[in-house]
Each structure stands twice: as C-alpha cells, then as structure tokens.
Amino acid sequence: MSSAPPIDLSAIPEDQRDAVLAVLRERDALREANKRLEHLVAELNQAVHGKRSEKLSEDERQLAFEDLETAVAEVETQQDAQAATGPVPRRAACRNRGNLPKDLLRIEKVIEPDSLGCPCGCGEMHRIGEDRTERLDIIPAQLRVIVTVRPKYACRACAEGVIQAPAPAHLIEGGLPAEGAIAHVLVSKFSDHLPLYRQSQILARSGIDIHRST
C-alpha cells in the first residue's frame, strides 16, 4: 500500500495545525501497532500451523496466545488514551475501578486514627466524611473431607439384631472423590481446559496425592 503524500502544514490555518499534527501522530501510532499485531499473528500461525507445530508443547502455544492478547490490550489502551479530549490524558481505561460486580461479598475494614482528640485541645473530633476504596480478593479453593458416620444401635433387653441407616448413594461407589470434587475436575478439564496432570500438581500443593490415572 502506497503511503499518503506529505501534508504541507503551511497551507493549513495556524489555529488548525495542532489538531492536524495530533491526527498525524495518531496515524503513525496505529501503523506501528498494526505492524506489531501482524507480526504476532504471523508468529502464532507459524506456531500453530507451521512445520514445527508438532514439536511445540501446549505451554508454548498458550504463551503465544497470551502475547497476542497482551499486545491487543496495549493497543486498545493506547487508542483510548489518544481518543481522550482535554489537556489531561484519560486514565480510566487503564484501571478496573468501579467495575466490580455489586453482588460480590464485601468485607469492610474501618481504619480509625490513633487518636480522635483535636491537636488544639478543643475536644474530640467529629466524623465529616470518609475515603472508600475497593480491591478484589480471591479465596483459594478449600479442600475438605466429608466424613459419613452411621451409628449402629442394638437393644440391650433382646437380641433382635442391630439397626443402622443405609449408606448414601455415591456417583462412584467406594471411590475417593465426592460429587463436588468430581464436578470440579470435569469443569476444570472441559471448560477451563486444565489437563488432569496439572490438576494433580495443584492438589499436590495441598498435600493431596492423586495420580493422574485415577
């Protein structure tokens, strides 16, 4: 594609030159971003469909996808910053402030000053406002053991036998995992694309030794 002819700024009114220069800078930045994206896409196609694709591990392919996603995010952030109007650049696109779902559990931690006494000795200060910030926290998955206890009862006055509640039905009779553990493994494998050997490594960090062939 042929490049556009150079623009003679002297032929443009002086009060419009700054706007024209801003458009030209934005055009050059978009060209560089497109070149980078095209290069990453070419590398990704080579990694997936090239002759060496059979030699690449799944981690290397995933790394190529992550590089492409990072580059796209950087370009989108740059475009949002360039599209902002006014002397102060807009930074809202670079932060996740205010985008946390309202239905998430919120735990408030109030931090009071060491002393509420007025430095002048007038007495105790009164609350006039507050600053509130929100951060996203994640509680790792909690492993637990479900212990099923079935007491046995017998009569001391006769020998009619022993009574006991029947054992509850399980998805895997005599198996180690409970229903919630089975659902977690299936969702992780088929929805989150987490291989079984990686799930085994994750469980090993919590002291659970489960072979991938289980």
# chains A, B, ... in the order shown; residues from 1 in each chain; ligands from 1

call {"tool": "residues_around", "arguments": {"residues": "Arg198 (chain A)", "least_positions_apart": "2", "cutoff": "12 Å", "atoms": "only C-alpha atoms", "output": "list in words"}}
result
Asp59, Val185, Ser188, Lys189, Asp192, His193, Leu194, Pro195, Leu196, Ser200, Gln201, Ile202, Leu203, Ala204, Arg205, Ile210, His211 and Arg212 of chain A

call {"tool": "residues_around", "arguments": {"residues": "region 135-147 of chain A", "least_positions_apart": "5", "cutoff": "8 Å", "atoms": "only C-alpha atoms", "output": "list in words"}}
result
Leu100, Ala178 and Ser206 of chain A

call {"tool": "write_last_selection", "arguments": {"atoms": "N, CA and C atoms", "output": "PDB file, in the first residue's frame"}}
result
ATOM      1  N   LEU A 100     -16.333  -3.658  39.663  1.00  0.00           N
ATOM      2  CA  LEU A 100     -16.572  -4.879  40.423  1.00  0.00           C
ATOM      3  C   LEU A 100     -18.071  -5.090  40.574  1.00  0.00           C
ATOM      4  N   ALA A 178     -15.808 -36.998  46.197  1.00  0.00           N
ATOM      5  CA  ALA A 178     -17.237 -36.726  46.393  1.00  0.00           C
ATOM      6  C   ALA A 178     -17.783 -36.053  45.143  1.00  0.00           C
ATOM      7  N   SER A 206      -1.570 -28.999  48.128  1.00  0.00           N
ATOM      8  CA  SER A 206      -2.380 -29.052  49.350  1.00  0.00           C
ATOM      9  C   SER A 206      -2.208 -30.383  50.082  1.00  0.00           C
TER      10      SER A 206
END

call {"tool": "residues_around", "arguments": {"residues": "Arg127 (chain A)", "least_positions_apart": "3", "cutoff": "12 Å", "atoms": "only C-alpha atoms", "output": "ChimeraX atom specification"}}
result
/A:112-113,116-117,124,130-131

call {"tool": "select_by_dssp", "arguments": {"residues": "region 116-191 of chain A", "states": "alpha helix (DSSP H)", "output": "list in words"}}
result
Glu179, Gly180, Ala181, Ile182, Ala183, His184, Val185, Leu186, Val187, Ser188, Lys189 and Phe190 of chain A

call {"tool": "residues_around", "arguments": {"residues": "Tyr153 (chain A)", "least_positions_apart": "4", "cutoff": "8 Å", "atoms": "only C-alpha atoms", "output": "list in words"}}
result
Val162, Ile163 and Gln164 of chain A

call {"tool": "atom_distance", "arguments": {"atom1": "CA of Ala154 (chain A)", "atom2": "CA of Pro166 (chain A)"}}
result
15.4 Å

call {"tool": "atom_distance", "arguments": {"atom1": "CA of Ala183 (chain A)", "atom2": "CA of Ala169 (chain A)"}}
result
16.2 Å

call {"tool": "atom_distance", "arguments": {"atom1": "CA of Leu40 (chain A)", "atom2": "CA of Leu68 (chain A)"}}
result
6.1 Å

call {"tool": "closest_residue", "arguments": {"among": "A:Leu37, A:Ile208, A:Gly175, A:Glu43", "to": "Glu74 (chain A)", "atoms": "only C-alpha atoms"}}
result
A:Leu37
